[in-house]
Amino acid sequence: MFDPQGQAVTGALHALGHDQVEEVRVGKQLRVQLRAADPDQARQAVQRMCRELLANPVLEEYRVTVHEAPDDGRASA
């Protein structure tokens with residue numbers, strides 16, 4: 001996928017002397033906080049949300065990670 005913002009950042013870092021930088025990708029991050037019985041259920045729910053609305057599979061890749069809330073029964077993905 002063509003990433004003009006990432007290319008601009010890469011060029012700027014090179015101009016600042018950071019020649020070791022090979023590539024920069026600029027993207028977006030979504031945090032979804034939801035109630036789920038367990039981490040697997042939370043992951044499945046968010047993956048479905050991505051397929052239905054949150055991600056454009058033609059232009060975007062996505063990864064779902066689940067972090068359990070400490071003690072309130074919620075999970076973030």
# chains A, B, ... in the order shown; residues from 1 in each chain; ligands from 1
>>> residues_around(residues="segment 50-61 of chain A", least_positions_apart="4", cutoff="10 Å", atoms="only C-alpha atoms", output="number ranges by chain")
A: 1-2, 27-28, 30, 44-46
>>> write_last_selection(atoms="N, CA and C atoms", output="PDB file, in the first residue's frame")
ATOM      1  N   MET A   1       0.843  -1.163   0.000  1.00  0.00           N
ATOM      2  CA  MET A   1       0.000   0.000   0.000  1.00  0.00           C
ATOM      3  C   MET A   1       0.898   1.240   0.000  1.00  0.00           C
ATOM      4  N   PHE A   2       0.595   2.185  -0.834  1.00  0.00           N
ATOM      5  CA  PHE A   2       1.327   3.438  -0.910  1.00  0.00           C
ATOM      6  C   PHE A   2       1.039   4.266   0.338  1.00  0.00           C
ATOM      7  N   GLY A  27      -0.050   4.977  10.379  1.00  0.00           N
ATOM      8  CA  GLY A  27      -1.385   4.394  10.321  1.00  0.00           C
ATOM      9  C   GLY A  27      -2.248   4.892  11.452  1.00  0.00           C
ATOM     10  N   LYS A  28      -3.307   4.157  11.693  1.00  0.00           N
ATOM     11  CA  LYS A  28      -4.217   4.540  12.759  1.00  0.00           C
ATOM     12  C   LYS A  28      -4.368   3.388  13.734  1.00  0.00           C
ATOM     13  N   LEU A  30      -7.141   1.952  16.708  1.00  0.00           N
ATOM     14  CA  LEU A  30      -8.450   2.045  17.343  1.00  0.00           C
ATOM     15  C   LEU A  30      -8.396   1.258  18.641  1.00  0.00           C
ATOM     16  N   GLN A  44     -12.849 -12.264  19.168  1.00  0.00           N
ATOM     17  CA  GLN A  44     -13.786 -12.625  18.101  1.00  0.00           C
ATOM     18  C   GLN A  44     -14.754 -11.483  17.803  1.00  0.00           C
ATOM     19  N   ALA A  45     -15.232 -10.823  18.841  1.00  0.00           N
ATOM     20  CA  ALA A  45     -16.172  -9.717  18.644  1.00  0.00           C
ATOM     21  C   ALA A  45     -15.509  -8.569  17.885  1.00  0.00           C
ATOM     22  N   VAL A  46     -14.286  -8.229  18.262  1.00  0.00           N
ATOM     23  CA  VAL A  46     -13.599  -7.118  17.605  1.00  0.00           C
ATOM     24  C   VAL A  46     -13.218  -7.496  16.171  1.00  0.00           C
TER      25      VAL A  46
END
>>> atom_distance(atom1="atom CA of Met49 of chain A", atom2="atom CA of Asp3 of chain A")
24.4 Å
>>> select_by_dssp(residues="chain A", states="strand (DSSP E)", output="NGL selection string")
:A and (33-35 or 67-68 or 74-76)
>>> write_last_selection(atoms="C-alpha atoms", output="PDB file, in the first residue's frame")
ATOM      1  CA  GLN A  33     -13.443  -1.228  25.268  1.00  0.00           C
ATOM      2  CA  LEU A  34     -16.117  -3.897  25.680  1.00  0.00           C
ATOM      3  CA  ARG A  35     -17.610  -6.453  28.014  1.00  0.00           C
ATOM      4  CA  HIS A  67      -5.824  -6.566  27.261  1.00  0.00           C
ATOM      5  CA  GLU A  68      -7.916  -7.618  30.210  1.00  0.00           C
ATOM      6  CA  ARG A  74     -14.071  -5.363  30.893  1.00  0.00           C
ATOM      7  CA  ALA A  75     -11.561  -6.098  28.164  1.00  0.00           C
ATOM      8  CA  SER A  76      -9.901  -3.683  25.755  1.00  0.00           C
TER       9      SER A  76
END
>>> closest_residue(among="A:Gln47, A:Thr10, A:Gln41, A:Gln5", to="Val26 of chain A", atoms="only C-alpha atoms")
A:Gln5
>>> residues_around(residues="Gly6 of chain A", least_positions_apart="5", cutoff="10 Å", atoms="only C-alpha atoms", output="ChimeraX atom specification")
/A:11-12,23-27
>>> closest_residue(among="A:Pro4, A:His18, A:Val9, A:Thr65", to="Val32 of chain A", atoms="only C-alpha atoms")
A:Thr65
>>> atom_distance(atom1="atom CA of Tyr62 of chain A", atom2="atom CA of Gln29 of chain A")
9.1 Å
>>> select_by_dssp(residues="chain A", states="helix (DSSP H, G or I)", output="MDAnalysis selection string")
chainID A and resid 4:15 39:54
>>> write_last_selection(atoms="N, CA and C atoms", output="PDB file, in the first residue's frame")
ATOM      1  N   PRO A   4       2.084   7.815   1.518  1.00  0.00           N
ATOM      2  CA  PRO A   4       2.807   9.064   1.312  1.00  0.00           C
ATOM      3  C   PRO A   4       3.254   9.729   2.610  1.00  0.00           C
ATOM      4  N   GLN A   5       2.461   9.620   3.666  1.00  0.00           N
ATOM      5  CA  GLN A   5       2.855  10.226   4.936  1.00  0.00           C
ATOM      6  C   GLN A   5       4.079   9.508   5.505  1.00  0.00           C
ATOM      7  N   GLY A   6       4.091   8.191   5.418  1.00  0.00           N
ATOM      8  CA  GLY A   6       5.248   7.423   5.888  1.00  0.00           C
ATOM      9  C   GLY A   6       6.493   7.742   5.085  1.00  0.00           C
ATOM     10  N   GLN A   7       6.335   7.910   3.772  1.00  0.00           N
ATOM     11  CA  GLN A   7       7.480   8.267   2.938  1.00  0.00           C
ATOM     12  C   GLN A   7       8.003   9.655   3.284  1.00  0.00           C
ATOM     13  N   ALA A   8       7.107  10.589   3.573  1.00  0.00           N
ATOM     14  CA  ALA A   8       7.527  11.938   3.951  1.00  0.00           C
ATOM     15  C   ALA A   8       8.302  11.908   5.263  1.00  0.00           C
ATOM     16  N   VAL A   9       7.824  11.124   6.225  1.00  0.00           N
ATOM     17  CA  VAL A   9       8.524  11.016   7.512  1.00  0.00           C
ATOM     18  C   VAL A   9       9.882  10.355   7.306  1.00  0.00           C
ATOM     19  N   THR A  10       9.948   9.322   6.480  1.00  0.00           N
ATOM     20  CA  THR A  10      11.227   8.669   6.191  1.00  0.00           C
ATOM     21  C   THR A  10      12.207   9.669   5.594  1.00  0.00           C
ATOM     22  N   GLY A  11      11.751  10.447   4.624  1.00  0.00           N
ATOM     23  CA  GLY A  11      12.609  11.457   4.000  1.00  0.00           C
ATOM     24  C   GLY A  11      13.088  12.504   4.984  1.00  0.00           C
ATOM     25  N   ALA A  12      12.195  12.939   5.860  1.00  0.00           N
ATOM     26  CA  ALA A  12      12.567  13.945   6.861  1.00  0.00           C
ATOM     27  C   ALA A  12      13.595  13.388   7.840  1.00  0.00           C
ATOM     28  N   LEU A  13      13.425  12.129   8.249  1.00  0.00           N
ATOM     29  CA  LEU A  13      14.399  11.518   9.158  1.00  0.00           C
ATOM     30  C   LEU A  13      15.752  11.377   8.480  1.00  0.00           C
ATOM     31  N   HIS A  14      15.755  11.010   7.207  1.00  0.00           N
ATOM     32  CA  HIS A  14      17.027  10.938   6.473  1.00  0.00           C
ATOM     33  C   HIS A  14      17.680  12.314   6.410  1.00  0.00           C
ATOM     34  N   ALA A  15      16.873  13.354   6.167  1.00  0.00           N
ATOM     35  CA  ALA A  15      17.401  14.715   6.087  1.00  0.00           C
ATOM     36  C   ALA A  15      18.014  15.158   7.422  1.00  0.00           C
ATOM     37  N   PRO A  39     -11.106 -13.370  27.067  1.00  0.00           N
ATOM     38  CA  PRO A  39     -10.335 -12.710  26.007  1.00  0.00           C
ATOM     39  C   PRO A  39     -10.647 -13.228  24.602  1.00  0.00           C
ATOM     40  N   ASP A  40     -10.894 -14.522  24.469  1.00  0.00           N
ATOM     41  CA  ASP A  40     -11.195 -15.070  23.141  1.00  0.00           C
ATOM     42  C   ASP A  40     -12.505 -14.498  22.597  1.00  0.00           C
ATOM     43  N   GLN A  41     -13.499 -14.375  23.444  1.00  0.00           N
ATOM     44  CA  GLN A  41     -14.777 -13.796  23.017  1.00  0.00           C
ATOM     45  C   GLN A  41     -14.589 -12.331  22.624  1.00  0.00           C
ATOM     46  N   ALA A  42     -13.776 -11.608  23.372  1.00  0.00           N
ATOM     47  CA  ALA A  42     -13.497 -10.208  23.036  1.00  0.00           C
ATOM     48  C   ALA A  42     -12.806 -10.110  21.685  1.00  0.00           C
ATOM     49  N   ARG A  43     -11.810 -10.952  21.452  1.00  0.00           N
ATOM     50  CA  ARG A  43     -11.070 -10.955  20.183  1.00  0.00           C
ATOM     51  C   ARG A  43     -12.012 -11.249  19.020  1.00  0.00           C
ATOM     52  N   GLN A  44     -12.849 -12.264  19.168  1.00  0.00           N
ATOM     53  CA  GLN A  44     -13.786 -12.625  18.101  1.00  0.00           C
ATOM     54  C   GLN A  44     -14.754 -11.483  17.803  1.00  0.00           C
ATOM     55  N   ALA A  45     -15.232 -10.823  18.841  1.00  0.00           N
ATOM     56  CA  ALA A  45     -16.172  -9.717  18.644  1.00  0.00           C
ATOM     57  C   ALA A  45     -15.509  -8.569  17.885  1.00  0.00           C
ATOM     58  N   VAL A  46     -14.286  -8.229  18.262  1.00  0.00           N
ATOM     59  CA  VAL A  46     -13.599  -7.118  17.605  1.00  0.00           C
ATOM     60  C   VAL A  46     -13.218  -7.496  16.171  1.00  0.00           C
ATOM     61  N   GLN A  47     -12.831  -8.733  15.939  1.00  0.00           N
ATOM     62  CA  GLN A  47     -12.534  -9.153  14.572  1.00  0.00           C
ATOM     63  C   GLN A  47     -13.772  -9.034  13.690  1.00  0.00           C
ATOM     64  N   ARG A  48     -14.918  -9.381  14.227  1.00  0.00           N
ATOM     65  CA  ARG A  48     -16.165  -9.221  13.470  1.00  0.00           C
ATOM     66  C   ARG A  48     -16.433  -7.747  13.191  1.00  0.00           C
ATOM     67  N   MET A  49     -16.219  -6.879  14.194  1.00  0.00           N
ATOM     68  CA  MET A  49     -16.409  -5.437  13.996  1.00  0.00           C
ATOM     69  C   MET A  49     -15.499  -4.915  12.886  1.00  0.00           C
ATOM     70  N   CYS A  50     -14.267  -5.413  12.866  1.00  0.00           N
ATOM     71  CA  CYS A  50     -13.314  -4.992  11.824  1.00  0.00           C
ATOM     72  C   CYS A  50     -13.811  -5.413  10.445  1.00  0.00           C
ATOM     73  N   ARG A  51     -14.268  -6.650  10.328  1.00  0.00           N
ATOM     74  CA  ARG A  51     -14.766  -7.126   9.030  1.00  0.00           C
ATOM     75  C   ARG A  51     -15.991  -6.345   8.583  1.00  0.00           C
ATOM     76  N   GLU A  52     -16.858  -6.007   9.518  1.00  0.00           N
ATOM     77  CA  GLU A  52     -18.124  -5.361   9.171  1.00  0.00           C
ATOM     78  C   GLU A  52     -18.023  -3.850   8.983  1.00  0.00           C
ATOM     79  N   LEU A  53     -17.095  -3.185   9.693  1.00  0.00           N
ATOM     80  CA  LEU A  53     -17.096  -1.727   9.665  1.00  0.00           C
ATOM     81  C   LEU A  53     -15.731  -1.064   9.810  1.00  0.00           C
ATOM     82  N   LEU A  54     -14.917  -1.511  10.725  1.00  0.00           N
ATOM     83  CA  LEU A  54     -13.757  -0.737  11.147  1.00  0.00           C
ATOM     84  C   LEU A  54     -12.579  -0.753  10.183  1.00  0.00           C
TER      85      LEU A  54
END
>>> decode(residues="chain A", atoms="C-alpha atoms", output="mmCIF file, in the first residue's frame")
data_model
loop_
_atom_site.group_PDB
_atom_site.id
_atom_site.type_symbol
_atom_site.label_atom_id
_atom_site.label_comp_id
_atom_site.auth_asym_id
_atom_site.auth_seq_id
_atom_site.Cartn_x
_atom_site.Cartn_y
_atom_site.Cartn_z
ATOM 1 C CA MET A 1 0.000 0.000 0.000
ATOM 2 C CA PHE A 2 1.327 3.438 -0.910
ATOM 3 C CA ASP A 3 1.938 5.467 2.249
ATOM 4 C CA PRO A 4 2.807 9.064 1.312
ATOM 5 C CA GLN A 5 2.855 10.226 4.936
ATOM 6 C CA GLY A 6 5.248 7.423 5.888
ATOM 7 C CA GLN A 7 7.480 8.267 2.938
ATOM 8 C CA ALA A 8 7.527 11.938 3.951
ATOM 9 C CA VAL A 9 8.524 11.016 7.512
ATOM 10 C CA THR A 10 11.227 8.669 6.191
ATOM 11 C CA GLY A 11 12.609 11.457 4.000
ATOM 12 C CA ALA A 12 12.567 13.945 6.861
ATOM 13 C CA LEU A 13 14.399 11.518 9.158
ATOM 14 C CA HIS A 14 17.027 10.938 6.473
ATOM 15 C CA ALA A 15 17.401 14.715 6.087
ATOM 16 C CA LEU A 16 18.041 14.913 9.839
ATOM 17 C CA GLY A 17 20.832 12.362 9.529
ATOM 18 C CA HIS A 18 18.964 9.224 10.557
ATOM 19 C CA ASP A 19 20.257 7.185 7.626
ATOM 20 C CA GLN A 20 19.626 3.877 9.407
ATOM 21 C CA VAL A 21 15.854 4.307 8.946
ATOM 22 C CA GLU A 22 14.694 2.059 6.127
ATOM 23 C CA GLU A 23 10.942 2.618 6.258
ATOM 24 C CA VAL A 24 8.293 4.386 8.319
ATOM 25 C CA ARG A 25 4.640 3.416 8.130
ATOM 26 C CA VAL A 26 2.011 5.810 9.441
ATOM 27 C CA GLY A 27 -1.385 4.394 10.321
ATOM 28 C CA LYS A 28 -4.217 4.540 12.759
ATOM 29 C CA GLN A 29 -5.000 2.741 15.959
ATOM 30 C CA LEU A 30 -8.450 2.045 17.343
ATOM 31 C CA ARG A 31 -9.120 1.099 20.959
ATOM 32 C CA VAL A 32 -12.379 -0.663 21.686
ATOM 33 C CA GLN A 33 -13.443 -1.228 25.268
ATOM 34 C CA LEU A 34 -16.117 -3.897 25.680
ATOM 35 C CA ARG A 35 -17.610 -6.453 28.014
ATOM 36 C CA ALA A 36 -16.789 -10.064 27.225
ATOM 37 C CA ALA A 37 -16.815 -13.364 29.075
ATOM 38 C CA ASP A 38 -13.159 -14.009 28.219
ATOM 39 C CA PRO A 39 -10.335 -12.710 26.007
ATOM 40 C CA ASP A 40 -11.195 -15.070 23.141
ATOM 41 C CA GLN A 41 -14.777 -13.796 23.017
ATOM 42 C CA ALA A 42 -13.497 -10.208 23.036
ATOM 43 C CA ARG A 43 -11.070 -10.955 20.183
ATOM 44 C CA GLN A 44 -13.786 -12.625 18.101
ATOM 45 C CA ALA A 45 -16.172 -9.717 18.644
ATOM 46 C CA VAL A 46 -13.599 -7.118 17.605
ATOM 47 C CA GLN A 47 -12.534 -9.153 14.572
ATOM 48 C CA ARG A 48 -16.165 -9.221 13.470
ATOM 49 C CA MET A 49 -16.409 -5.437 13.996
ATOM 50 C CA CYS A 50 -13.314 -4.992 11.824
ATOM 51 C CA ARG A 51 -14.766 -7.126 9.030
ATOM 52 C CA GLU A 52 -18.124 -5.361 9.171
ATOM 53 C CA LEU A 53 -17.096 -1.727 9.665
ATOM 54 C CA LEU A 54 -13.757 -0.737 11.147
ATOM 55 C CA ALA A 55 -11.258 -1.915 8.515
ATOM 56 C CA ASN A 56 -11.068 -1.655 4.746
ATOM 57 C CA PRO A 57 -9.406 -4.946 3.757
ATOM 58 C CA VAL A 58 -8.488 -3.570 0.337
ATOM 59 C CA LEU A 59 -6.323 -0.811 1.828
ATOM 60 C CA GLU A 60 -5.646 -1.818 5.416
ATOM 61 C CA GLU A 61 -4.298 -4.658 7.478
ATOM 62 C CA TYR A 62 -5.315 -4.989 11.102
ATOM 63 C CA ARG A 63 -4.220 -6.814 14.194
ATOM 64 C CA VAL A 64 -6.322 -7.401 17.298
ATOM 65 C CA THR A 65 -4.716 -7.572 20.715
ATOM 66 C CA VAL A 66 -6.721 -8.047 23.890
ATOM 67 C CA HIS A 67 -5.824 -6.566 27.261
ATOM 68 C CA GLU A 68 -7.916 -7.618 30.210
ATOM 69 C CA ALA A 69 -9.066 -4.932 32.606
ATOM 70 C CA PRO A 70 -7.644 -5.482 36.084
ATOM 71 C CA ASP A 71 -10.821 -6.097 38.055
ATOM 72 C CA ASP A 72 -13.942 -4.622 36.476
ATOM 73 C CA GLY A 73 -14.769 -7.401 34.009
ATOM 74 C CA ARG A 74 -14.071 -5.363 30.893
ATOM 75 C CA ALA A 75 -11.561 -6.098 28.164
ATOM 76 C CA SER A 76 -9.901 -3.683 25.755
ATOM 77 C CA ALA A 77 -8.991 -4.699 22.241
#
